[in-house]
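Raw contents of entry_9.csv, CSV, N, CA and C atoms:
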```
chain,number,residue,atom,x,y,z
A,9,MET,N,-44.9,61.9,-3.5
A,9,MET,CA,-45.4,60.6,-3.0
A,9,MET,C,-44.6,60.3,-1.7
A,10,LEU,N,-45.4,59.8,-0.8
A,10,LEU,CA,-44.8,59.4,0.5
A,10,LEU,C,-44.4,57.9,0.5
A,11,VAL,N,-43.3,57.6,1.2
A,11,VAL,CA,-42.9,56.2,1.3
A,11,VAL,C,-42.5,56.0,2.8
A,12,ILE,N,-42.7,54.7,3.2
A,12,ILE,CA,-42.3,54.3,4.5
A,12,ILE,C,-41.0,53.5,4.3
A,13,ARG,N,-39.9,54.0,4.9
A,13,ARG,CA,-38.6,53.4,4.7
A,13,ARG,C,-37.8,53.3,6.0
A,14,LEU,N,-36.6,52.7,5.9
A,14,LEU,CA,-35.7,52.6,7.1
A,14,LEU,C,-34.7,53.7,7.0
A,15,ASN,N,-34.4,54.3,8.2
A,15,ASN,CA,-33.4,55.3,8.3
A,15,ASN,C,-32.3,54.9,9.3
A,16,ARG,N,-31.1,54.7,8.9
A,16,ARG,CA,-30.0,54.2,9.8
A,16,ARG,C,-29.6,55.3,10.7
A,17,TYR,N,-29.3,54.8,12.0
A,17,TYR,CA,-28.7,55.7,13.0
A,17,TYR,C,-27.9,54.8,13.9
A,18,GLY,N,-27.2,55.4,14.8
A,18,GLY,CA,-26.4,54.6,15.8
A,18,GLY,C,-24.9,54.7,15.5
A,19,LYS,N,-24.1,54.1,16.3
A,19,LYS,CA,-22.7,54.1,16.1
A,19,LYS,C,-22.2,53.1,15.0
A,20,ARG,N,-21.0,53.3,14.7
A,20,ARG,CA,-20.4,52.4,13.7
A,20,ARG,C,-20.4,51.0,14.3
A,21,ASN,N,-20.8,50.0,13.5
A,21,ASN,CA,-20.9,48.6,13.9
A,21,ASN,C,-22.0,48.3,14.9
A,22,GLN,N,-22.8,49.3,15.2
A,22,GLN,CA,-23.9,49.2,16.1
A,22,GLN,C,-25.2,49.8,15.5
A,23,ALA,N,-25.5,49.4,14.3
A,23,ALA,CA,-26.5,50.1,13.5
A,23,ALA,C,-27.9,49.8,14.1
A,24,GLN,N,-28.7,50.8,14.1
A,24,GLN,CA,-30.1,50.7,14.5
A,24,GLN,C,-30.9,51.5,13.4
A,25,PHE,N,-32.2,51.2,13.2
A,25,PHE,CA,-32.9,51.8,12.2
A,25,PHE,C,-34.2,52.3,12.7
A,26,ARG,N,-34.6,53.5,12.2
A,26,ARG,CA,-36.0,54.1,12.4
A,26,ARG,C,-36.8,53.8,11.2
A,27,VAL,N,-38.1,53.4,11.5
A,27,VAL,CA,-39.1,53.3,10.4
A,27,VAL,C,-39.7,54.7,10.3
A,28,ILE,N,-39.5,55.3,9.1
A,28,ILE,CA,-40.0,56.7,9.0
A,28,ILE,C,-40.9,56.9,7.8
A,29,LEU,N,-41.7,57.9,7.8
A,29,LEU,CA,-42.5,58.3,6.7
A,29,LEU,C,-41.8,59.5,6.1
A,30,GLN,N,-41.5,59.4,4.7
A,30,GLN,CA,-40.7,60.5,4.1
A,30,GLN,C,-41.1,60.7,2.7
A,31,GLU,N,-40.9,61.8,2.1
A,31,GLU,CA,-41.1,62.1,0.7
A,31,GLU,C,-40.1,61.2,-0.1
A,32,LYS,N,-40.6,60.6,-1.2
A,32,LYS,CA,-39.7,59.6,-1.9
A,32,LYS,C,-38.5,60.3,-2.5
A,33,SER,N,-38.6,61.5,-2.9
A,33,SER,CA,-37.5,62.2,-3.6
A,33,SER,C,-36.4,62.6,-2.6
A,34,LYS,N,-36.6,62.6,-1.3
A,34,LYS,CA,-35.6,63.0,-0.4
A,34,LYS,C,-34.7,61.8,0.0
A,35,ALA,N,-33.5,62.0,0.3
A,35,ALA,CA,-32.6,60.9,0.7
A,35,ALA,C,-32.9,60.5,2.1
A,36,PRO,N,-32.7,59.2,2.4
A,36,PRO,CA,-32.9,58.8,3.8
A,36,PRO,C,-32.0,59.5,4.7
A,37,GLY,N,-32.4,59.9,5.9
A,37,GLY,CA,-31.6,60.7,6.8
A,37,GLY,C,-31.9,62.2,6.8
A,38,HIS,N,-32.6,62.6,5.8
A,38,HIS,CA,-33.0,64.0,5.8
A,38,HIS,C,-34.4,64.2,6.4
A,39,ARG,N,-35.0,65.3,6.2
A,39,ARG,CA,-36.3,65.6,6.9
A,39,ARG,C,-37.3,64.6,6.6
A,40,HIS,N,-38.0,64.1,7.7
A,40,HIS,CA,-39.1,63.1,7.5
A,40,HIS,C,-40.4,63.7,8.1
A,41,VAL,N,-41.5,63.1,7.8
A,41,VAL,CA,-42.8,63.6,8.2
A,41,VAL,C,-43.1,63.0,9.6
A,42,GLU,N,-42.8,61.7,9.8
A,42,GLU,CA,-43.2,61.1,11.1
A,42,GLU,C,-42.3,59.8,11.3
A,43,VAL,N,-42.0,59.5,12.6
A,43,VAL,CA,-41.3,58.3,12.9
A,43,VAL,C,-42.4,57.3,13.3
A,44,LEU,N,-42.4,56.1,12.6
A,44,LEU,CA,-43.4,55.1,12.7
A,44,LEU,C,-43.0,53.9,13.5
A,45,GLY,N,-41.7,53.8,13.9
A,45,GLY,CA,-41.2,52.7,14.6
A,45,GLY,C,-39.7,52.6,14.6
A,46,SER,N,-39.2,51.5,15.1
A,46,SER,CA,-37.7,51.3,15.1
A,46,SER,C,-37.4,49.8,15.0
A,47,HIS,N,-36.2,49.5,14.6
A,47,HIS,CA,-35.7,48.2,14.4
A,47,HIS,C,-34.3,48.1,14.9
A,48,ASP,N,-34.0,47.1,15.7
A,48,ASP,CA,-32.6,46.8,16.2
A,48,ASP,C,-32.2,45.5,15.7
A,49,PRO,N,-31.4,45.4,14.6
A,49,PRO,CA,-31.0,44.1,14.1
A,49,PRO,C,-30.2,43.2,15.0
A,50,HIS,N,-29.5,43.8,16.0
A,50,HIS,CA,-28.7,43.0,16.8
A,50,HIS,C,-29.5,42.2,17.9
A,51,SER,N,-30.5,42.8,18.4
A,51,SER,CA,-31.3,42.1,19.4
A,51,SER,C,-32.6,41.6,18.8
A,52,LYS,N,-32.8,41.8,17.5
A,52,LYS,CA,-34.0,41.4,16.7
A,52,LYS,C,-35.2,42.0,17.3
A,53,ASN,N,-35.1,43.2,17.9
A,53,ASN,CA,-36.3,43.9,18.5
A,53,ASN,C,-36.8,44.9,17.5
A,54,THR,N,-38.1,44.8,17.2
A,54,THR,CA,-38.8,45.7,16.3
A,54,THR,C,-40.0,46.2,16.9
A,55,ILE,N,-40.2,47.6,16.8
A,55,ILE,CA,-41.4,48.2,17.4
A,55,ILE,C,-42.0,49.0,16.3
A,56,PHE,N,-43.4,48.8,16.1
A,56,PHE,CA,-44.1,49.6,15.1
A,56,PHE,C,-45.3,50.3,15.8
A,57,LYS,N,-45.6,51.5,15.2
A,57,LYS,CA,-46.9,52.2,15.6
A,57,LYS,C,-47.9,51.7,14.6
A,58,LYS,N,-48.6,50.6,14.9
A,58,LYS,CA,-49.5,50.0,14.0
A,58,LYS,C,-50.6,50.9,13.5
A,59,GLU,N,-51.3,51.7,14.3
A,59,GLU,CA,-52.4,52.5,13.9
A,59,GLU,C,-51.9,53.6,12.9
A,60,ARG,N,-50.7,54.2,13.2
A,60,ARG,CA,-50.2,55.2,12.3
A,60,ARG,C,-49.8,54.7,11.0
A,61,ILE,N,-49.2,53.4,11.0
A,61,ILE,CA,-48.8,52.8,9.7
A,61,ILE,C,-50.0,52.5,8.9
A,62,LEU,N,-51.0,51.9,9.5
A,62,LEU,CA,-52.2,51.6,8.7
A,62,LEU,C,-52.9,52.9,8.2
A,63,TYR,N,-52.8,54.0,9.0
A,63,TYR,CA,-53.4,55.3,8.6
A,63,TYR,C,-52.7,55.8,7.3
A,64,TRP,N,-51.3,55.8,7.3
A,64,TRP,CA,-50.6,56.3,6.2
A,64,TRP,C,-50.7,55.5,5.0
A,65,ILE,N,-50.7,54.1,5.2
A,65,ILE,CA,-50.9,53.3,4.0
A,65,ILE,C,-52.3,53.6,3.4
A,66,GLY,N,-53.3,53.8,4.2
A,66,GLY,CA,-54.6,54.2,3.7
A,66,GLY,C,-54.6,55.5,3.0
A,67,GLN,N,-53.7,56.4,3.3
A,67,GLN,CA,-53.6,57.7,2.7
A,67,GLN,C,-52.8,57.6,1.4
A,68,GLY,N,-52.2,56.5,1.1
A,68,GLY,CA,-51.5,56.3,-0.2
A,68,GLY,C,-50.0,56.1,0.0
A,69,ALA,N,-49.4,56.1,1.2
A,69,ALA,CA,-48.0,55.9,1.4
A,69,ALA,C,-47.7,54.4,1.0
A,70,GLU,N,-46.5,54.2,0.4
A,70,GLU,CA,-46.1,52.9,0.0
A,70,GLU,C,-44.8,52.5,0.8
A,71,PRO,N,-44.8,51.3,1.4
A,71,PRO,CA,-43.6,50.8,2.2
A,71,PRO,C,-42.6,50.4,1.2
A,72,SER,N,-41.3,50.5,1.6
A,72,SER,CA,-40.2,50.0,0.8
A,72,SER,C,-40.3,48.5,0.8
A,73,ASP,N,-39.5,47.8,0.0
A,73,ASP,CA,-39.6,46.3,0.0
A,73,ASP,C,-39.2,45.7,1.3
A,74,ARG,N,-38.2,46.2,2.0
A,74,ARG,CA,-37.7,45.7,3.2
A,74,ARG,C,-38.8,45.9,4.3
A,75,VAL,N,-39.3,47.1,4.4
A,75,VAL,CA,-40.3,47.5,5.4
A,75,VAL,C,-41.6,46.7,5.1
A,76,HIS,N,-42.0,46.5,3.8
A,76,HIS,CA,-43.1,45.6,3.5
A,76,HIS,C,-43.0,44.2,4.1
A,77,ASN,N,-41.8,43.6,3.9
A,77,ASN,CA,-41.6,42.3,4.4
A,77,ASN,C,-41.6,42.3,6.0
A,78,MET,N,-41.1,43.3,6.6
A,78,MET,CA,-41.1,43.4,8.1
A,78,MET,C,-42.6,43.6,8.6
A,79,LEU,N,-43.4,44.3,7.9
A,79,LEU,CA,-44.8,44.5,8.3
A,79,LEU,C,-45.6,43.2,8.1
A,80,ILE,N,-45.3,42.4,7.1
A,80,ILE,CA,-46.0,41.1,6.9
A,80,ILE,C,-45.6,40.2,8.1
A,81,LYS,N,-44.3,40.1,8.4
A,81,LYS,CA,-43.8,39.2,9.5
A,81,LYS,C,-44.4,39.6,10.8
A,82,ALA,N,-44.7,41.0,11.0
A,82,ALA,CA,-45.2,41.4,12.3
A,82,ALA,C,-46.8,41.3,12.3
A,83,GLY,N,-47.4,40.9,11.2
A,83,GLY,CA,-48.8,40.7,11.1
A,83,GLY,C,-49.6,42.0,11.0
A,84,ILE,N,-49.0,43.1,10.6
A,84,ILE,CA,-49.7,44.4,10.5
A,84,ILE,C,-50.4,44.5,9.1
A,85,ILE,N,-49.8,44.0,8.1
A,85,ILE,CA,-50.5,43.9,6.8
A,85,ILE,C,-50.4,42.5,6.2
A,86,GLU,N,-51.2,42.2,5.2
A,86,GLU,CA,-51.2,40.9,4.6
A,86,GLU,C,-50.7,41.0,3.2
A,87,GLY,N,-50.1,39.9,2.7
A,87,GLY,CA,-49.6,39.9,1.3
A,87,GLY,C,-48.5,38.9,1.2
A,88,LYS,N,-47.8,38.9,0.1
A,88,LYS,CA,-46.7,38.0,-0.2
A,88,LYS,C,-45.4,38.8,0.1
A,89,ILE,N,-44.4,38.0,0.6
A,89,ILE,CA,-43.1,38.6,0.9
A,89,ILE,C,-42.4,38.9,-0.5
A,90,ILE,N,-41.8,40.0,-0.6
A,90,ILE,CA,-41.1,40.4,-1.8
A,90,ILE,C,-39.7,39.9,-1.8
A,91,ALA,N,-39.3,39.2,-2.9
A,91,ALA,CA,-38.0,38.6,-3.0
A,91,ALA,C,-36.9,39.7,-3.0
A,92,LYS,N,-35.7,39.4,-2.5
A,92,LYS,CA,-34.6,40.3,-2.6
A,92,LYS,C,-34.2,40.6,-4.0
A,93,LYS,N,-33.9,41.8,-4.3
A,93,LYS,CA,-33.4,42.2,-5.6
A,93,LYS,C,-31.9,42.3,-5.6
A,94,ILE,N,-31.3,41.3,-6.2
A,94,ILE,CA,-29.8,41.3,-6.3
A,94,ILE,C,-29.4,41.4,-7.8
A,95,LYS,N,-28.7,42.4,-8.1
A,95,LYS,CA,-28.2,42.6,-9.5
A,95,LYS,C,-27.0,41.7,-9.7
A,96,ARG,N,-27.1,40.9,-10.6
A,96,ARG,CA,-25.9,40.0,-11.0
A,96,ARG,C,-25.1,40.7,-12.0
A,97,PRO,N,-23.8,40.7,-11.9
A,97,PRO,CA,-23.0,41.4,-12.9
A,97,PRO,C,-23.0,40.6,-14.2
A,98,GLU,N,-23.1,41.3,-15.3
A,98,GLU,CA,-23.1,40.6,-16.6
A,98,GLU,C,-21.7,40.2,-17.0
A,99,PRO,N,-21.6,39.0,-17.5
A,99,PRO,CA,-20.2,38.6,-17.9
A,99,PRO,C,-19.7,39.5,-19.1
A,100,LYS,N,-18.4,39.8,-19.0
A,100,LYS,CA,-17.8,40.6,-20.0
A,100,LYS,C,-17.6,39.8,-21.2
A,101,VAL,N,-17.9,40.3,-22.4
A,101,VAL,CA,-17.7,39.6,-23.6
A,101,VAL,C,-16.4,40.2,-24.2
A,102,VAL,N,-15.4,39.3,-24.4
A,102,VAL,CA,-14.1,39.7,-24.9
A,102,VAL,C,-14.1,39.3,-26.4
A,103,GLU,N,-13.9,40.2,-27.2
A,103,GLU,CA,-13.8,39.9,-28.7
A,103,GLU,C,-12.3,39.6,-29.0
A,104,PRO,N,-12.1,38.6,-29.8
A,104,PRO,CA,-10.7,38.3,-30.1
A,104,PRO,C,-10.1,39.4,-31.0
A,105,ALA,N,-8.8,39.6,-30.7
A,105,ALA,CA,-8.1,40.6,-31.5
A,105,ALA,C,-7.9,40.2,-33.0
A,106,PRO,N,-8.0,41.0,-33.9
A,106,PRO,CA,-7.8,40.6,-35.3
A,106,PRO,C,-6.4,40.2,-35.5
A,107,ALA,N,-6.2,39.1,-36.3
A,107,ALA,CA,-4.9,38.6,-36.6
A,107,ALA,C,-4.2,39.6,-37.5
A,108,ALA,N,-2.9,39.9,-37.2
A,108,ALA,CA,-2.1,40.8,-38.0
A,108,ALA,C,-1.5,40.1,-39.2
A,109,GLU,N,-1.7,40.6,-40.4
A,109,GLU,CA,-1.2,40.0,-41.6
A,109,GLU,C,0.1,40.7,-41.9
A,110,VAL,N,1.1,39.8,-42.3
A,110,VAL,CA,2.4,40.3,-42.6
A,110,VAL,C,2.8,40.1,-44.0
```

Whole structure given in structure tokens:
Amino acid sequence: MLVIRLNRYGKRNQAQFRVILQEKSKAPGHRHVEVLGSHDPHSKNTIFKKERILYWIGQGAEPSDRVHNMLIKAGIIEGKIIAKKIKRPEPKVVEPAPAAEV
């Protein structure tokens, strides 16, 4: 299955991202099929190849949650923005120690 996701590159503390088409089972940063755009979070500059993105979505590729939200904000696709998934740590349940009988 193909997925459209972000791939980080750039220097330390100067991150930039490529929007790439990649096999879902591969880790980001490894071999990709096609570069579909770029995103610079520092200058808020985002470039998309609209025709290619629409083509691959038509072929069955799914965007990641973050890329999906970016495509909606850019007006390339329509839909609802996906909420951020933040895992909350579960509170630890401490069982009281049994009282020692003397």

* Asked: What does the distance between CA of Tyr63 (chain A) and atom C of Ala23 (chain A) come to in Å, to one decimal place?
  ->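 That distance, rounded to one decimal, is 26.7 Å.
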
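The neighbours of Gly18 (chain A) here are the residues that come within 12 Å of it, using only C-alpha atoms and leaving out any residue fewer than 6 positions away in the same chain; they are Gln24, Phe25, Arg26, Ser46, His47, Asp48, Pro49 and His50 of chain A.
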
* So, counting only C-alpha atoms, which residue among A:Lys32, A:Lys100, A:Arg13, A:Lys88 is closest to Gly45 (chain A)? ->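 Counting only C-alpha atoms, the residue closest to Gly45 (chain A) is A:Arg13.
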
* DSSP helix (DSSP H, G or I) residues within chain A, listed as a list in words -> Lys58, Glu59, Arg60, Ile61, Leu62, Tyr63, Trp64, Ile65, Gly66, Asp73, Arg74, Val75, His76, Asn77, Met78, Leu79, Ile80, Lys81 and Ala82 of chain A

* Asked: For His38 (chain A), which residue among A:Asn15, A:Glu86, A:Ala105, A:Met9 is the nearest when counting all atoms listed in the file?
  ->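 Using all atoms listed in the file, the shortest distance to His38 (chain A) belongs to A:Asn15.
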
* To do: Choose the residue, out of A:Leu44, A:Pro97, A:Pro71, A:His76, that has the smallest atom-to-atom separation from Lys58 (chain A); count only N, CA and C atoms.
  =>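 Answer, going by the shortest atom-to-atom distance: A:Leu44.
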
* Tell me, which residues of chain A carry DSSP strand (DSSP E), written as an MDAnalysis selection string? -> chainID A and resid 10:19 22:31 42:48 53:56 70:71

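CA of Glu70 (chain A) is found 13.6 Å from CA of Ile90 (chain A).
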
* So what do you get for atom C of Ile94 (chain A) versus atom C of Arg74 (chain A), distance-wise? ->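 Those two atoms sit 16.0 Å apart.
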
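When only C-alpha atoms are used to compute distances to Lys57 (chain A), the closest of the residues A:Ser72, A:Gly37, A:Pro106, A:Ile28 turns out to be A:Ile28.
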
* To do: Rank nothing, just name the residue among A:Val102, A:Leu10, A:Ile84, A:Val27 nearest to Gly68 (chain A), using only C-alpha atoms.
  =>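 Of all the options, A:Leu10 lies closest to Gly68 (chain A).
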